[in-house]
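Quick look at model-v3.pdb (PDB, C-alpha atoms):
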```pdb
ATOM      1  CA  MET A   1      -0.449   5.007 -20.626  1.00  0.00           C
ATOM      2  CA  LYS A   2      -3.370   2.559 -20.489  1.00  0.00           C
ATOM      3  CA  LYS A   3      -0.963  -0.298 -19.792  1.00  0.00           C
ATOM      4  CA  ILE A   4       0.570   1.560 -16.848  1.00  0.00           C
ATOM      5  CA  ILE A   5      -2.837   2.329 -15.363  1.00  0.00           C
ATOM      6  CA  LEU A   6      -3.897  -1.304 -15.825  1.00  0.00           C
ATOM      7  CA  LEU A   7      -0.661  -2.508 -14.171  1.00  0.00           C
ATOM      8  CA  ILE A   8      -1.250  -0.162 -11.222  1.00  0.00           C
ATOM      9  CA  ILE A   9      -4.854  -1.363 -10.841  1.00  0.00           C
ATOM     10  CA  LEU A  10      -3.787  -5.020 -10.997  1.00  0.00           C
ATOM     11  CA  GLY A  11      -1.049  -4.299  -8.452  1.00  0.00           C
ATOM     12  CA  PHE A  12      -3.536  -2.728  -6.052  1.00  0.00           C
ATOM     13  CA  ILE A  13      -5.906  -5.675  -6.504  1.00  0.00           C
ATOM     14  CA  ALA A  14      -3.086  -8.137  -5.783  1.00  0.00           C
ATOM     15  CA  ILE A  15      -1.964  -6.234  -2.672  1.00  0.00           C
ATOM     16  CA  ALA A  16      -5.554  -5.977  -1.388  1.00  0.00           C
ATOM     17  CA  LEU A  17      -6.166  -9.693  -1.951  1.00  0.00           C
ATOM     18  CA  LEU A  18      -2.874 -10.581  -0.274  1.00  0.00           C
ATOM     19  CA  GLY A  19      -3.794  -8.469   2.767  1.00  0.00           C
ATOM     20  CA  LEU A  20      -7.221 -10.099   2.885  1.00  0.00           C
ATOM     21  CA  THR A  21      -5.630 -13.539   2.673  1.00  0.00           C
ATOM     22  CA  ILE A  22      -3.205 -12.858   5.518  1.00  0.00           C
ATOM     23  CA  SER A  23      -5.824 -11.351   7.818  1.00  0.00           C
ATOM     24  CA  LEU A  24      -8.429 -14.068   7.248  1.00  0.00           C
ATOM     25  CA  GLN A  25      -5.875 -16.880   7.491  1.00  0.00           C
ATOM     26  CA  GLN A  26      -5.250 -15.905  11.115  1.00  0.00           C
ATOM     27  CA  ASN A  27      -8.901 -16.679  11.918  1.00  0.00           C
ATOM     28  CA  THR A  28      -9.090 -19.909   9.936  1.00  0.00           C
ATOM     29  CA  LEU A  29      -8.315 -23.218  11.623  1.00  0.00           C
ATOM     30  CA  ILE A  30      -6.280 -24.807   8.853  1.00  0.00           C
ATOM     31  CA  GLU A  31      -2.563 -24.983   8.216  1.00  0.00           C
ATOM     32  CA  TRP A  32      -1.436 -22.286   5.777  1.00  0.00           C
ATOM     33  CA  TRP A  33       0.126 -24.693   3.304  1.00  0.00           C
ATOM     34  CA  LYS A  34      -3.014 -26.734   2.577  1.00  0.00           C
ATOM     35  CA  PRO A  35      -4.985 -24.005   0.741  1.00  0.00           C
ATOM     36  CA  LEU A  36      -1.728 -22.885  -0.881  1.00  0.00           C
ATOM     37  CA  ALA A  37      -1.073 -26.388  -2.222  1.00  0.00           C
ATOM     38  CA  VAL A  38      -4.592 -26.583  -3.660  1.00  0.00           C
ATOM     39  CA  ALA A  39      -4.475 -23.047  -5.130  1.00  0.00           C
ATOM     40  CA  VAL A  40      -1.211 -23.723  -6.982  1.00  0.00           C
ATOM     41  CA  ILE A  41      -3.003 -25.984  -9.472  1.00  0.00           C
ATOM     42  CA  PRO A  42      -5.532 -23.474 -10.870  1.00  0.00           C
ATOM     43  CA  ALA A  43      -2.960 -20.665 -10.579  1.00  0.00           C
ATOM     44  CA  THR A  44      -0.524 -22.589 -12.765  1.00  0.00           C
ATOM     45  CA  ILE A  45      -3.198 -23.376 -15.341  1.00  0.00           C
ATOM     46  CA  LEU A  46      -4.394 -19.765 -15.401  1.00  0.00           C
ATOM     47  CA  GLY A  47      -0.805 -18.511 -15.458  1.00  0.00           C
ATOM     48  CA  LEU A  48      -0.113 -20.549 -18.580  1.00  0.00           C
ATOM     49  CA  SER A  49      -3.410 -19.483 -20.168  1.00  0.00           C
ATOM     50  CA  PHE A  50      -2.959 -15.767 -19.474  1.00  0.00           C
ATOM     51  CA  ALA A  51       0.775 -15.568 -20.284  1.00  0.00           C
ATOM     52  CA  GLU A  52       0.146 -13.914 -23.658  1.00  0.00           C
ATOM     53  CA  ILE A  53      -2.230 -11.353 -22.131  1.00  0.00           C
ATOM     54  CA  SER A  54       0.340 -10.738 -19.387  1.00  0.00           C
ATOM     55  CA  SER A  55       2.955 -10.169 -22.074  1.00  0.00           C
ATOM     56  CA  ARG A  56       0.790  -7.529 -23.762  1.00  0.00           C
ATOM     57  CA  ILE A  57       0.064  -5.758 -20.467  1.00  0.00           C
ATOM     58  CA  SER A  58       3.603  -5.804 -19.069  1.00  0.00           C
ATOM     59  CA  GLY A  59       5.518  -5.424 -22.313  1.00  0.00           C
ATOM     60  CA  TRP A  60       7.960  -8.189 -21.333  1.00  0.00           C
ATOM     61  CA  SER A  61       9.119 -10.466 -24.136  1.00  0.00           C
ATOM     62  CA  ASN A  62      10.305 -13.252 -21.823  1.00  0.00           C
ATOM     63  CA  ARG A  63       7.538 -15.907 -21.793  1.00  0.00           C
ATOM     64  CA  THR A  64       8.760 -17.566 -18.581  1.00  0.00           C
ATOM     65  CA  LEU A  65       8.666 -14.272 -16.701  1.00  0.00           C
ATOM     66  CA  ASN A  66       5.133 -13.598 -17.956  1.00  0.00           C
ATOM     67  CA  ILE A  67       3.968 -17.064 -16.868  1.00  0.00           C
ATOM     68  CA  ILE A  68       5.458 -16.550 -13.391  1.00  0.00           C
ATOM     69  CA  ALA A  69       3.903 -13.080 -13.034  1.00  0.00           C
ATOM     70  CA  SER A  70       0.517 -14.263 -14.239  1.00  0.00           C
ATOM     71  CA  ALA A  71       0.577 -17.408 -12.067  1.00  0.00           C
ATOM     72  CA  THR A  72       1.559 -15.347  -9.010  1.00  0.00           C
ATOM     73  CA  PHE A  73      -1.348 -12.963  -9.554  1.00  0.00           C
ATOM     74  CA  TRP A  74      -3.801 -15.850  -9.981  1.00  0.00           C
ATOM     75  CA  LEU A  75      -2.383 -17.634  -6.918  1.00  0.00           C
ATOM     76  CA  ILE A  76      -2.982 -14.551  -4.770  1.00  0.00           C
ATOM     77  CA  ALA A  77      -6.461 -14.148  -6.294  1.00  0.00           C
ATOM     78  CA  ALA A  78      -7.360 -17.808  -5.667  1.00  0.00           C
ATOM     79  CA  LEU A  79      -6.187 -17.679  -2.042  1.00  0.00           C
ATOM     80  CA  GLY A  80      -7.983 -14.391  -1.403  1.00  0.00           C
ATOM     81  CA  CYS A  81     -11.224 -15.705  -2.863  1.00  0.00           C
ATOM     82  CA  PHE A  82     -10.927 -18.998  -0.969  1.00  0.00           C
ATOM     83  CA  TYR A  83     -10.422 -17.362   2.433  1.00  0.00           C
ATOM     84  CA  ALA A  84     -13.041 -14.641   1.776  1.00  0.00           C
ATOM     85  CA  LEU A  85     -15.705 -17.086   0.628  1.00  0.00           C
ATOM     86  CA  ASN A  86     -14.960 -19.466   3.496  1.00  0.00           C
ATOM     87  CA  PHE A  87     -15.084 -16.683   6.106  1.00  0.00           C
ATOM     88  CA  PHE A  88     -17.958 -14.531   4.867  1.00  0.00           C
ATOM     89  CA  GLY A  89     -20.038 -17.500   3.730  1.00  0.00           C
ATOM     90  CA  SER A  90     -19.874 -19.183   7.128  1.00  0.00           C
ATOM     91  CA  ASP A  91     -22.908 -20.889   8.624  1.00  0.00           C
ATOM     92  CA  THR A  92     -24.129 -18.867  11.623  1.00  0.00           C
ATOM     93  CA  ASP A  93     -26.281 -21.793  12.788  1.00  0.00           C
ATOM     94  CA  SER A  94     -23.167 -23.914  13.311  1.00  0.00           C
ATOM     95  CA  THR A  95     -21.661 -21.636  15.994  1.00  0.00           C
ATOM     96  CA  ILE A  96     -20.106 -23.571  18.866  1.00  0.00           C
ATOM     97  CA  ASP A  97     -18.220 -22.471  21.956  1.00  0.00           C
ATOM     98  CA  CYS A  98     -14.761 -23.988  22.033  1.00  0.00           C
ATOM     99  CA  HIS A  99     -12.796 -23.790  25.269  1.00  0.00           C
ATOM    100  CA  ALA A 100      -9.078 -23.511  24.566  1.00  0.00           C
ATOM    101  CA  ARG A 101      -6.300 -23.554  27.157  1.00  0.00           C
ATOM    102  CA  VAL A 102      -3.464 -21.037  27.246  1.00  0.00           C
ATOM    103  CA  ILE A 103      -0.227 -22.960  26.668  1.00  0.00           C
ATOM    104  CA  ASN A 104       2.078 -19.974  27.003  1.00  0.00           C
ATOM    105  CA  LYS A 105       2.283 -16.244  26.498  1.00  0.00           C
ATOM    106  CA  TYR A 106       5.128 -14.279  24.964  1.00  0.00           C
ATOM    107  CA  THR A 107       6.087 -10.954  23.433  1.00  0.00           C
ATOM    108  CA  GLU A 108       7.861 -10.011  20.240  1.00  0.00           C
ATOM    109  CA  GLU A 109       9.775  -6.790  19.764  1.00  0.00           C
ATOM    110  CA  HIS A 110       9.177  -4.871  16.559  1.00  0.00           C
ATOM    111  CA  TYR A 111      10.500  -1.557  15.322  1.00  0.00           C
ATOM    112  CA  ARG A 112       8.589   1.237  13.635  1.00  0.00           C
ATOM    113  CA  PRO A 113      10.305   2.696  10.586  1.00  0.00           C
ATOM    114  CA  ARG A 114      11.557   6.246  11.038  1.00  0.00           C
ATOM    115  CA  ARG A 115      11.845   8.514   8.033  1.00  0.00           C
ATOM    116  CA  ILE A 116      15.047  10.531   7.832  1.00  0.00           C
ATOM    117  CA  SER A 117      14.619  12.028   4.402  1.00  0.00           C
ATOM    118  CA  ARG A 118      12.420  11.607   1.401  1.00  0.00           C
ATOM    119  CA  TYR A 119      13.938   8.283   0.340  1.00  0.00           C
ATOM    120  CA  THR A 120      15.626   7.082   3.523  1.00  0.00           C
ATOM    121  CA  THR A 121      14.105   5.228   6.450  1.00  0.00           C
ATOM    122  CA  VAL A 122      15.860   3.638   9.394  1.00  0.00           C
ATOM    123  CA  ARG A 123      14.861   1.501  12.316  1.00  0.00           C
ATOM    124  CA  GLY A 124      12.917   3.634  14.729  1.00  0.00           C
ATOM    125  CA  GLN A 125      11.074   3.243  18.003  1.00  0.00           C
ATOM    126  CA  LYS A 126      10.761  -0.208  19.551  1.00  0.00           C
ATOM    127  CA  TYR A 127       7.353  -1.592  20.465  1.00  0.00           C
ATOM    128  CA  ARG A 128       6.053  -4.921  21.711  1.00  0.00           C
ATOM    129  CA  VAL A 129       3.387  -7.206  20.345  1.00  0.00           C
ATOM    130  CA  TYR A 130       1.744  -9.619  22.798  1.00  0.00           C
ATOM    131  CA  TYR A 131       0.712 -13.166  21.928  1.00  0.00           C
ATOM    132  CA  ILE A 132      -0.767 -16.244  23.549  1.00  0.00           C
ATOM    133  CA  ASN A 133      -0.605 -19.796  22.276  1.00  0.00           C
ATOM    134  CA  LEU A 134      -3.795 -21.782  22.704  1.00  0.00           C
ATOM    135  CA  ARG A 135      -4.390 -25.535  22.661  1.00  0.00           C
ATOM    136  CA  LEU A 136      -7.740 -26.379  21.130  1.00  0.00           C
ATOM    137  CA  PRO A 137      -9.699 -29.473  22.253  1.00  0.00           C
ATOM    138  CA  ASP A 138      -8.781 -31.321  19.048  1.00  0.00           C
ATOM    139  CA  GLY A 139      -5.066 -30.904  19.857  1.00  0.00           C
ATOM    140  CA  LYS A 140      -4.293 -28.097  17.395  1.00  0.00           C
ATOM    141  CA  ASN A 141      -2.392 -25.012  18.542  1.00  0.00           C
ATOM    142  CA  LYS A 142      -3.420 -21.471  17.616  1.00  0.00           C
ATOM    143  CA  LYS A 143      -1.557 -18.197  18.137  1.00  0.00           C
ATOM    144  CA  LEU A 144      -3.604 -15.100  19.018  1.00  0.00           C
ATOM    145  CA  GLU A 145      -2.526 -11.488  19.389  1.00  0.00           C
ATOM    146  CA  ILE A 146      -3.771  -9.748  22.547  1.00  0.00           C
ATOM    147  CA  THR A 147      -3.458  -6.333  24.184  1.00  0.00           C
ATOM    148  CA  ALA A 148      -0.894  -5.458  26.869  1.00  0.00           C
ATOM    149  CA  THR A 149      -3.580  -5.331  29.578  1.00  0.00           C
ATOM    150  CA  GLN A 150      -4.825  -8.788  28.653  1.00  0.00           C
ATOM    151  CA  TYR A 151      -1.243 -10.067  28.538  1.00  0.00           C
ATOM    152  CA  ILE A 152      -0.545  -8.882  32.086  1.00  0.00           C
ATOM    153  CA  LYS A 153      -3.688 -10.426  33.547  1.00  0.00           C
ATOM    154  CA  ILE A 154      -3.973 -13.712  31.660  1.00  0.00           C
ATOM    155  CA  ARG A 155      -2.215 -16.779  33.059  1.00  0.00           C
ATOM    156  CA  LYS A 156      -0.884 -20.010  31.635  1.00  0.00           C
ATOM    157  CA  GLY A 157      -3.472 -22.771  31.920  1.00  0.00           C
ATOM    158  CA  LYS A 158      -6.458 -20.406  31.824  1.00  0.00           C
ATOM    159  CA  SER A 159      -9.419 -21.242  29.570  1.00  0.00           C
ATOM    160  CA  ILE A 160     -10.459 -18.967  26.716  1.00  0.00           C
ATOM    161  CA  THR A 161     -13.727 -19.321  24.817  1.00  0.00           C
ATOM    162  CA  LEU A 162     -13.642 -19.179  21.033  1.00  0.00           C
ATOM    163  CA  LYS A 163     -16.832 -18.801  18.966  1.00  0.00           C
ATOM    164  CA  ILE A 164     -16.199 -21.146  16.036  1.00  0.00           C
ATOM    165  CA  GLN A 165     -18.336 -21.525  12.926  1.00  0.00           C
ATOM    166  CA  ASN A 166     -18.081 -23.789   9.918  1.00  0.00           C
ATOM    167  CA  GLY A 167     -16.973 -21.878   6.852  1.00  0.00           C
ATOM    168  CA  LEU A 168     -18.527 -22.183   3.419  1.00  0.00           C
ATOM    169  CA  PHE A 169     -16.065 -24.957   2.519  1.00  0.00           C
ATOM    170  CA  GLY A 170     -16.438 -26.696   5.892  1.00  0.00           C
ATOM    171  CA  ILE A 171     -13.197 -25.297   7.288  1.00  0.00           C
ATOM    172  CA  PRO A 172     -13.768 -23.924  10.807  1.00  0.00           C
ATOM    173  CA  ILE A 173     -13.189 -20.241  11.472  1.00  0.00           C
ATOM    174  CA  ILE A 174     -12.879 -18.208  14.656  1.00  0.00           C
ATOM    175  CA  LYS A 175     -15.601 -15.556  14.624  1.00  0.00           C
ATOM    176  CA  LYS A 176     -15.026 -14.198  18.115  1.00  0.00           C
ATOM    177  CA  THR A 177     -12.568 -14.606  20.994  1.00  0.00           C
ATOM    178  CA  VAL A 178     -14.008 -14.299  24.505  1.00  0.00           C
ATOM    179  CA  LEU A 179     -11.312 -13.780  27.115  1.00  0.00           C
ATOM    180  CA  PRO A 180     -12.211 -14.494  30.725  1.00  0.00           C
ATOM    181  CA  GLU A 181     -13.136 -11.559  32.947  1.00  0.00           C
ATOM    182  CA  LEU A 182      -9.883  -9.930  33.906  1.00  0.00           C
ATOM    183  CA  HIS A 183     -10.149  -8.487  37.403  1.00  0.00           C
ATOM    184  CA  GLY A 184      -7.388  -6.315  38.870  1.00  0.00           C
TER
END
```

Please express what this file holds, its structure, as structure tokens.
Amino acid sequence: MKKIILLIILGFIAIALLGLTISLQQNTLIEWWKPLAVAVIPATILGLSFAEISSRISGWSNRTLNIIASATFWLIAALGCFYALNFFGSDTDSTIDCHARVINKYTEEHYRPRRISRYTTVRGQKYRVYYINLRLPDGKNKKLEITATQYIKIRKGKSITLKIQNGLFGIPIIKKTVLPELHG
């Protein structure tokens, strides 16, 4: 029973750290694969080191499976800690206003899941998500999600101000997005 509770707690921690990683990565001005490539090294070492503990917790006898499970957990933990420390440890004195240009705007259609019965869900109501692509002064592109009202009123070529700070590790982060005044 203790093993099951521990597995559930570790699962919740992994899901929470993965959600934190995804949400903070959207505000960090670095390609997603760079922190991932760096985090693989300690995750692999920790995965090998904690394989026996993982075996005792999970009850799996396959060593390779335990190494993969342990390394995956430590990879998620390393990425979550990296993005959280970089974002929340940012230097407020280094705030600069960055003027980015709107390259294009587009929508994506998504579907909400609709529950039919206790164990069955199907594709439900369609909804749209609105995005703009920005070109930063250093030549990088950044995708931002906006509201429908902002989408209707914003135009290609318009300038948007981003409040950018240096993170704890020197990687810039977007703290605030200031859209231009949108008049009817």

Quick one: what's the axis-aligned box for stretch 42-48 of chain A, all listed atoms, 4 Å on every side, centre and edges in Å to one decimal, as AutoDock Vina command-line options?
```
--center_x -2.8 --center_y -21.0 --center_z -14.6 --size_x 13.4 --size_y 13.0 --size_z 16.0
```

task = Identify all residues satisfying the PyMOL selection byres ((chain A and resi 161) around 6) in the given file; provide them as a ChimeraX atom specification.
result = /A:98-99,160,162,178

Let me know the residues the PyMOL selection byres ((chain A and resi 68) around 10) catches in the file above, as a PDB file with C-alpha atoms, in the frame of the given file.
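The result, stored in result.pdb:
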```pdb
ATOM      1  CA  ALA A  43      -2.960 -20.665 -10.579  1.00  0.00           C
ATOM      2  CA  THR A  44      -0.524 -22.589 -12.765  1.00  0.00           C
ATOM      3  CA  GLY A  47      -0.805 -18.511 -15.458  1.00  0.00           C
ATOM      4  CA  LEU A  48      -0.113 -20.549 -18.580  1.00  0.00           C
ATOM      5  CA  ALA A  51       0.775 -15.568 -20.284  1.00  0.00           C
ATOM      6  CA  SER A  54       0.340 -10.738 -19.387  1.00  0.00           C
ATOM      7  CA  ARG A  63       7.538 -15.907 -21.793  1.00  0.00           C
ATOM      8  CA  THR A  64       8.760 -17.566 -18.581  1.00  0.00           C
ATOM      9  CA  LEU A  65       8.666 -14.272 -16.701  1.00  0.00           C
ATOM     10  CA  ASN A  66       5.133 -13.598 -17.956  1.00  0.00           C
ATOM     11  CA  ILE A  67       3.968 -17.064 -16.868  1.00  0.00           C
ATOM     12  CA  ALA A  69       3.903 -13.080 -13.034  1.00  0.00           C
ATOM     13  CA  SER A  70       0.517 -14.263 -14.239  1.00  0.00           C
ATOM     14  CA  ALA A  71       0.577 -17.408 -12.067  1.00  0.00           C
ATOM     15  CA  THR A  72       1.559 -15.347  -9.010  1.00  0.00           C
ATOM     16  CA  PHE A  73      -1.348 -12.963  -9.554  1.00  0.00           C
ATOM     17  CA  TRP A  74      -3.801 -15.850  -9.981  1.00  0.00           C
TER      18      TRP A  74
END
```

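Taking atom CA of A:Glu145 and atom CA of A:Tyr131 as endpoints, the distance between them is 4.4 Å.
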
query = If you count all atoms listed in the file, which residues fall within 10 Å of A:Ile4, apart from same-chain ones fewer than 4 positions away, as a list of chain:residue names?
reply = A:Ile8, A:Ile9, A:Leu10, A:Ile57, A:Ser58

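The residues caught by the PyMOL selection byres ((chain A and resi 125) around 12) in this file are A:Glu109, A:His110, A:Tyr111, A:Arg112, A:Pro113, A:Arg114, A:Arg115, A:Val122, A:Arg123, A:Gly124, A:Lys126, A:Tyr127, A:Arg128.
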
Residues from last step as file, C-alpha atoms, as a CSV table (one decimal), keeping the file's coordinate frame:
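So the final result, stored in again.csv, reads:
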```
chain,number,residue,atom,x,y,z
A,109,GLU,CA,9.8,-6.8,19.8
A,110,HIS,CA,9.2,-4.9,16.6
A,111,TYR,CA,10.5,-1.6,15.3
A,112,ARG,CA,8.6,1.2,13.6
A,113,PRO,CA,10.3,2.7,10.6
A,114,ARG,CA,11.6,6.2,11.0
A,115,ARG,CA,11.8,8.5,8.0
A,122,VAL,CA,15.9,3.6,9.4
A,123,ARG,CA,14.9,1.5,12.3
A,124,GLY,CA,12.9,3.6,14.7
A,126,LYS,CA,10.8,-0.2,19.6
A,127,TYR,CA,7.4,-1.6,20.5
A,128,ARG,CA,6.1,-4.9,21.7
```

inquiry  = Need to verify the contact set: stretch 29-35 of chain A, 8 Å, only C-alpha atoms, exclusion of same-chain residues closer than 6 positions in sequence. Can you return it as a VMD selection string?
reply    = chain A and resid 79 82 142 171 to 174

query = A:Leu24, A:Leu75, A:Val40, A:Val102: which is nearest A:Lys175, counting only C-alpha atoms?
reply = A:Leu24

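Picture a line from atom CA of A:Gly139 to atom CA of A:Glu181; it runs 24.7 Å.
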
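Across A:Asn141, A:Thr149, A:Ser23, A:Thr95, the tightest approach to A:Ile164 is made by A:Thr95 when counting only C-alpha atoms.
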
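Counting all atoms listed in the file, the residue from A:Gln25, A:Leu20, A:Leu7, A:Arg155 that sits nearest to A:Ser55 is A:Leu7.
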
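Near A:Thr147, within 12 Å and counting only C-alpha atoms, sit Lys105, Tyr106, Thr107, Arg128, Val129, Tyr130, Tyr131, Ile132, Leu144, Gln150, Tyr151, Ile152, Lys153, Ile154 and Leu179 of chain A, not including residues fewer than 3 positions from it in the same chain.
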